[in-house]
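Participant: What follows is a single structure, and I will ask about it in a moment.
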Amino acid sequence: MEIRHLNGTDAIIYRTLRLQALQMSPEAFGSSYEEEKDAPLEQYISKLESDVAFTFGAFDNQEVIETSLLLKKQNES
């Protein structure tokens, strides 16, 4: 198994996995399948290229089997 930081080139596989997860476990997300199913690929690229959110993927035989999101803590003023 390989774990690596996902980037914009992973947007298609990330979108596919996320939409499946939204359908299977909607209670685990702050958005819904209906809200995201027609979102442009650029939206997913932007998420993966963020400076404050870092998405990691676990790969088994070149297939993403799990993702994890880490958020950078913002300084409070």
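Residue numbers start at 1 in each chain; chains themselves are named A, B, ... in the order of the structure tokens; ligands are numbered from 1 in the order shown.
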As a JSON list (two decimals) with N, CA, C and O atoms, in the first residue's frame, list the residues of chain A assigned to helix (DSSP H, G or I) by DSSP on the backbone atoms of this structure.

Facilitator:
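Saved the output as out_28.json:
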[["chain", "number", "residue", "atom", "x", "y", "z"],
["A", 8, "GLY", "N", -3.86, 18.03, -8.15],
["A", 8, "GLY", "CA", -4.83, 18.28, -9.22],
["A", 8, "GLY", "C", -4.90, 17.19, -10.26],
["A", 8, "GLY", "O", -5.96, 16.96, -10.85],
["A", 9, "THR", "N", -3.80, 16.49, -10.50],
["A", 9, "THR", "CA", -3.82, 15.41, -11.50],
["A", 9, "THR", "C", -4.63, 14.20, -11.03],
["A", 9, "THR", "O", -4.96, 13.32, -11.82],
["A", 10, "ASP", "N", -4.96, 14.16, -9.74],
["A", 10, "ASP", "CA", -5.76, 13.07, -9.17],
["A", 10, "ASP", "C", -7.24, 13.41, -9.10],
["A", 10, "ASP", "O", -8.02, 12.65, -8.52],
["A", 11, "ALA", "N", -7.64, 14.53, -9.66],
["A", 11, "ALA", "CA", -9.01, 15.03, -9.48],
["A", 11, "ALA", "C", -10.08, 14.06, -9.97],
["A", 11, "ALA", "O", -11.12, 13.92, -9.31],
["A", 12, "ILE", "N", -9.87, 13.39, -11.06],
["A", 12, "ILE", "CA", -10.90, 12.48, -11.59],
["A", 12, "ILE", "C", -11.11, 11.31, -10.64],
["A", 12, "ILE", "O", -12.25, 10.97, -10.30],
["A", 13, "ILE", "N", -10.03, 10.70, -10.18],
["A", 13, "ILE", "CA", -10.20, 9.56, -9.27],
["A", 13, "ILE", "C", -10.73, 10.01, -7.92],
["A", 13, "ILE", "O", -11.53, 9.32, -7.30],
["A", 14, "TYR", "N", -10.31, 11.20, -7.47],
["A", 14, "TYR", "CA", -10.81, 11.73, -6.21],
["A", 14, "TYR", "C", -12.32, 12.00, -6.30],
["A", 14, "TYR", "O", -13.09, 11.63, -5.40],
["A", 15, "ARG", "N", -12.75, 12.63, -7.38],
["A", 15, "ARG", "CA", -14.17, 12.92, -7.56],
["A", 15, "ARG", "C", -15.00, 11.63, -7.57],
["A", 15, "ARG", "O", -16.04, 11.54, -6.91],
["A", 16, "THR", "N", -14.53, 10.62, -8.28],
["A", 16, "THR", "CA", -15.24, 9.35, -8.36],
["A", 16, "THR", "C", -15.39, 8.72, -6.98],
["A", 16, "THR", "O", -16.49, 8.31, -6.58],
["A", 17, "LEU", "N", -14.30, 8.68, -6.22],
["A", 17, "LEU", "CA", -14.34, 8.10, -4.89],
["A", 17, "LEU", "C", -15.23, 8.92, -3.95],
["A", 17, "LEU", "O", -16.02, 8.38, -3.18],
["A", 18, "ARG", "N", -15.12, 10.24, -4.03],
["A", 18, "ARG", "CA", -15.93, 11.11, -3.15],
["A", 18, "ARG", "C", -17.41, 10.96, -3.45],
["A", 18, "ARG", "O", -18.23, 10.87, -2.52],
["A", 19, "LEU", "N", -17.79, 10.93, -4.71],
["A", 19, "LEU", "CA", -19.21, 10.78, -5.05],
["A", 19, "LEU", "C", -19.76, 9.44, -4.58],
["A", 19, "LEU", "O", -20.90, 9.36, -4.10],
["A", 20, "GLN", "N", -18.94, 8.39, -4.68],
["A", 20, "GLN", "CA", -19.36, 7.08, -4.16],
["A", 20, "GLN", "C", -19.58, 7.16, -2.65],
["A", 20, "GLN", "O", -20.56, 6.65, -2.12],
["A", 21, "ALA", "N", -18.65, 7.80, -1.96],
["A", 21, "ALA", "CA", -18.75, 7.92, -0.50],
["A", 21, "ALA", "C", -19.96, 8.76, -0.10],
["A", 21, "ALA", "O", -20.64, 8.44, 0.90],
["A", 22, "LEU", "N", -20.24, 9.82, -0.84],
["A", 22, "LEU", "CA", -21.41, 10.66, -0.55],
["A", 22, "LEU", "C", -22.71, 9.86, -0.68],
["A", 22, "LEU", "O", -23.67, 10.10, 0.06],
["A", 23, "GLN", "N", -22.74, 8.93, -1.60],
["A", 23, "GLN", "CA", -23.93, 8.10, -1.77],
["A", 23, "GLN", "C", -24.03, 7.04, -0.68],
["A", 23, "GLN", "O", -25.12, 6.75, -0.19],
["A", 24, "MET", "N", -22.89, 6.46, -0.31],
["A", 24, "MET", "CA", -22.90, 5.35, 0.65],
["A", 24, "MET", "C", -23.01, 5.81, 2.10],
["A", 24, "MET", "O", -23.63, 5.12, 2.91],
["A", 26, "PRO", "N", -23.82, 9.39, 3.47],
["A", 26, "PRO", "CA", -24.07, 10.83, 3.40],
["A", 26, "PRO", "C", -23.94, 11.54, 4.73],
["A", 26, "PRO", "O", -23.58, 12.73, 4.78],
["A", 27, "GLU", "N", -24.18, 10.84, 5.83],
["A", 27, "GLU", "CA", -24.10, 11.46, 7.15],
["A", 27, "GLU", "C", -22.68, 11.83, 7.55],
["A", 27, "GLU", "O", -22.47, 12.60, 8.49],
["A", 28, "ALA", "N", -21.69, 11.33, 6.83],
["A", 28, "ALA", "CA", -20.28, 11.59, 7.16],
["A", 28, "ALA", "C", -19.75, 12.87, 6.52],
["A", 28, "ALA", "O", -18.59, 13.22, 6.73],
["A", 33, "TYR", "N", -24.44, 14.29, -2.19],
["A", 33, "TYR", "CA", -24.22, 13.83, -3.55],
["A", 33, "TYR", "C", -24.91, 14.77, -4.54],
["A", 33, "TYR", "O", -24.31, 15.15, -5.55],
["A", 34, "GLU", "N", -26.13, 15.16, -4.24],
["A", 34, "GLU", "CA", -26.88, 16.05, -5.14],
["A", 34, "GLU", "C", -26.18, 17.40, -5.33],
["A", 34, "GLU", "O", -26.22, 17.97, -6.41],
["A", 35, "GLU", "N", -25.53, 17.89, -4.28],
["A", 35, "GLU", "CA", -24.82, 19.17, -4.37],
["A", 35, "GLU", "C", -23.54, 19.06, -5.19],
["A", 35, "GLU", "O", -23.11, 20.03, -5.81],
["A", 36, "GLU", "N", -22.92, 17.89, -5.19],
["A", 36, "GLU", "CA", -21.61, 17.75, -5.82],
["A", 36, "GLU", "C", -21.59, 17.01, -7.15],
["A", 36, "GLU", "O", -20.61, 17.12, -7.89],
["A", 41, "LEU", "N", -15.01, 19.63, -12.79],
["A", 41, "LEU", "CA", -13.76, 19.01, -12.36],
["A", 41, "LEU", "C", -12.82, 20.05, -11.74],
["A", 41, "LEU", "O", -12.09, 19.75, -10.79],
["A", 42, "GLU", "N", -12.89, 21.28, -12.21],
["A", 42, "GLU", "CA", -12.04, 22.35, -11.68],
["A", 42, "GLU", "C", -12.25, 22.56, -10.18],
["A", 42, "GLU", "O", -11.34, 22.95, -9.47],
["A", 43, "GLN", "N", -13.47, 22.31, -9.71],
["A", 43, "GLN", "CA", -13.75, 22.46, -8.28],
["A", 43, "GLN", "C", -12.94, 21.44, -7.47],
["A", 43, "GLN", "O", -12.40, 21.75, -6.42],
["A", 44, "TYR", "N", -12.82, 20.23, -7.98],
["A", 44, "TYR", "CA", -12.06, 19.19, -7.29],
["A", 44, "TYR", "C", -10.56, 19.46, -7.41],
["A", 44, "TYR", "O", -9.81, 19.23, -6.45],
["A", 45, "ILE", "N", -10.14, 19.96, -8.54],
["A", 45, "ILE", "CA", -8.73, 20.34, -8.70],
["A", 45, "ILE", "C", -8.38, 21.40, -7.68],
["A", 45, "ILE", "O", -7.34, 21.31, -7.01],
["A", 46, "SER", "N", -9.23, 22.39, -7.54],
["A", 46, "SER", "CA", -9.00, 23.47, -6.58],
["A", 46, "SER", "C", -8.90, 22.93, -5.15],
["A", 46, "SER", "O", -8.04, 23.35, -4.38],
["A", 47, "LYS", "N", -9.78, 22.01, -4.78],
["A", 47, "LYS", "CA", -9.72, 21.40, -3.44],
["A", 47, "LYS", "C", -8.38, 20.71, -3.22],
["A", 47, "LYS", "O", -7.79, 20.80, -2.14],
["A", 48, "LEU", "N", -7.92, 20.00, -4.23],
["A", 48, "LEU", "CA", -6.68, 19.23, -4.09],
["A", 48, "LEU", "C", -5.44, 20.11, -4.15],
["A", 48, "LEU", "O", -4.37, 19.69, -3.71]]

Participant: For A:Val52, list every protein, DNA or RNA residue within 7 Å, evaluated using only C-alpha atoms, and leave out those in the same chain fewer than 2 positions away; present the list as a ChimeraX atom specification.

Facilitator: /A:50,54,71-72

Participant: For the selection just defined, write its residues with all heavy atoms to a file, as a compact mmCIF listing (two decimals), in the first residue's frame.

Facilitator:
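Wrote result_6.txt, looks like this:
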# COMPACT_ATOMS: atom_id res chain seq x y z
N SER A 50 -5.33 23.15 -2.68
CA SER A 50 -5.50 24.12 -1.60
C SER A 50 -4.24 24.24 -0.74
O SER A 50 -3.50 23.28 -0.55
CB SER A 50 -6.67 23.69 -0.72
OG SER A 50 -6.75 24.49 0.43
N PHE A 54 -5.31 19.46 2.96
CA PHE A 54 -4.42 18.50 2.32
C PHE A 54 -5.09 17.13 2.30
O PHE A 54 -5.40 16.58 3.35
CB PHE A 54 -3.09 18.44 3.08
CG PHE A 54 -2.47 19.80 3.24
CD1 PHE A 54 -2.71 20.56 4.37
CD2 PHE A 54 -1.68 20.34 2.24
CE1 PHE A 54 -2.15 21.83 4.52
CE2 PHE A 54 -1.12 21.60 2.37
CZ PHE A 54 -1.36 22.34 3.52
N LEU A 71 -6.71 19.55 7.72
CA LEU A 71 -6.89 20.99 7.58
C LEU A 71 -5.84 21.70 8.39
O LEU A 71 -5.59 21.36 9.55
CB LEU A 71 -8.28 21.40 8.07
CG LEU A 71 -9.46 20.81 7.31
CD1 LEU A 71 -10.77 21.18 7.99
CD2 LEU A 71 -9.45 21.29 5.88
N LYS A 72 -5.24 22.72 7.78
CA LYS A 72 -4.25 23.55 8.46
C LYS A 72 -4.98 24.48 9.42
O LYS A 72 -5.95 25.13 9.05
CB LYS A 72 -3.48 24.36 7.42
CG LYS A 72 -2.32 25.12 7.94
CD LYS A 72 -1.71 25.88 6.76
CE LYS A 72 -0.24 26.04 6.93
NZ LYS A 72 0.34 26.78 5.79

Participant: So which bits of stretch 23-68 of chain A end up strand (DSSP E) when you DSSP the backbone, as a list of chain:residue names?

Facilitator: A:Ala53, A:Phe54, A:Thr55, A:Phe56, A:Gly57, A:Ala58, A:Phe59, A:Asp60, A:Glu63, A:Val64, A:Ile65, A:Glu66, A:Thr67, A:Ser68

Participant: Can you work out the spacing between atom CA of A:Ser25 and atom CA of A:Thr67 in Å, to one decimal?

Facilitator: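 These two atoms are separated by 14.0 Å.
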
Participant: Would you list the contacts of A:Asp60 as number ranges by chain, taking every protein, DNA or RNA residue within 9 Å and counting only C-alpha atoms, but skipping same-chain residues closer than 4 positions in sequence?

Facilitator: A: 1-2, 64-65

Participant: Can you work out the spacing between atom CA of A:Gln62 and atom CA of A:Pro40 in Å, to one decimal?

Facilitator: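 The value is 24.3 Å.
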
Participant: So how far away is atom CA of A:Leu6 from atom CA of A:Glu63, in Å?

Facilitator: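 Atom-to-atom, atom CA of A:Glu63 to atom CA of A:Leu6, that is 12.7 Å.
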
Participant: Residues at most 6 Å from A:Thr55, counting only C-alpha atoms, excluding those fewer than 6 positions away in the same chain, as a tab-separated table (two decimals) with all heavy atoms, in the first residue's frame?

Facilitator:
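Result written to out27.tsv:
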chain	number	residue	atom	x	y	z
A	5	HIS	N	0.14	12.39	-0.92
A	5	HIS	CA	-0.65	13.61	-1.02
A	5	HIS	C	-1.25	13.68	-2.42
A	5	HIS	O	-0.53	13.56	-3.42
A	5	HIS	CB	0.27	14.81	-0.75
A	5	HIS	CG	-0.42	16.13	-0.81
A	5	HIS	ND1	0.10	17.19	-1.48
A	5	HIS	CD2	-1.58	16.56	-0.27
A	5	HIS	CE1	-0.70	18.23	-1.37
A	5	HIS	NE2	-1.73	17.86	-0.64
A	6	LEU	N	-2.56	13.87	-2.51
A	6	LEU	CA	-3.22	13.99	-3.81
A	6	LEU	C	-3.06	15.41	-4.33
A	6	LEU	O	-3.01	16.37	-3.56
A	6	LEU	CB	-4.70	13.64	-3.70
A	6	LEU	CG	-5.03	12.23	-3.20
A	6	LEU	CD1	-6.55	12.04	-3.16
A	6	LEU	CD2	-4.39	11.16	-4.05
A	68	SER	N	-8.04	10.76	3.17
A	68	SER	CA	-8.08	11.45	4.45
A	68	SER	C	-7.76	12.91	4.21
A	68	SER	O	-6.86	13.24	3.44
A	68	SER	CB	-7.06	10.82	5.40
A	68	SER	OG	-7.11	11.46	6.66
A	69	LEU	N	-8.49	13.79	4.88
A	69	LEU	CA	-8.31	15.23	4.72
A	69	LEU	C	-7.75	15.81	6.00
A	69	LEU	O	-8.27	15.57	7.10
A	69	LEU	CB	-9.66	15.89	4.40
A	69	LEU	CG	-9.67	17.41	4.31
A	69	LEU	CD1	-8.90	17.87	3.09
A	69	LEU	CD2	-11.09	17.92	4.27

Participant: Under the rule that only C-alpha atoms are counted, which of A:Gly30, A:Ile3, A:Leu70, A:Ala39 is the nearest residue to A:Gly57?

Facilitator: A:Ile3
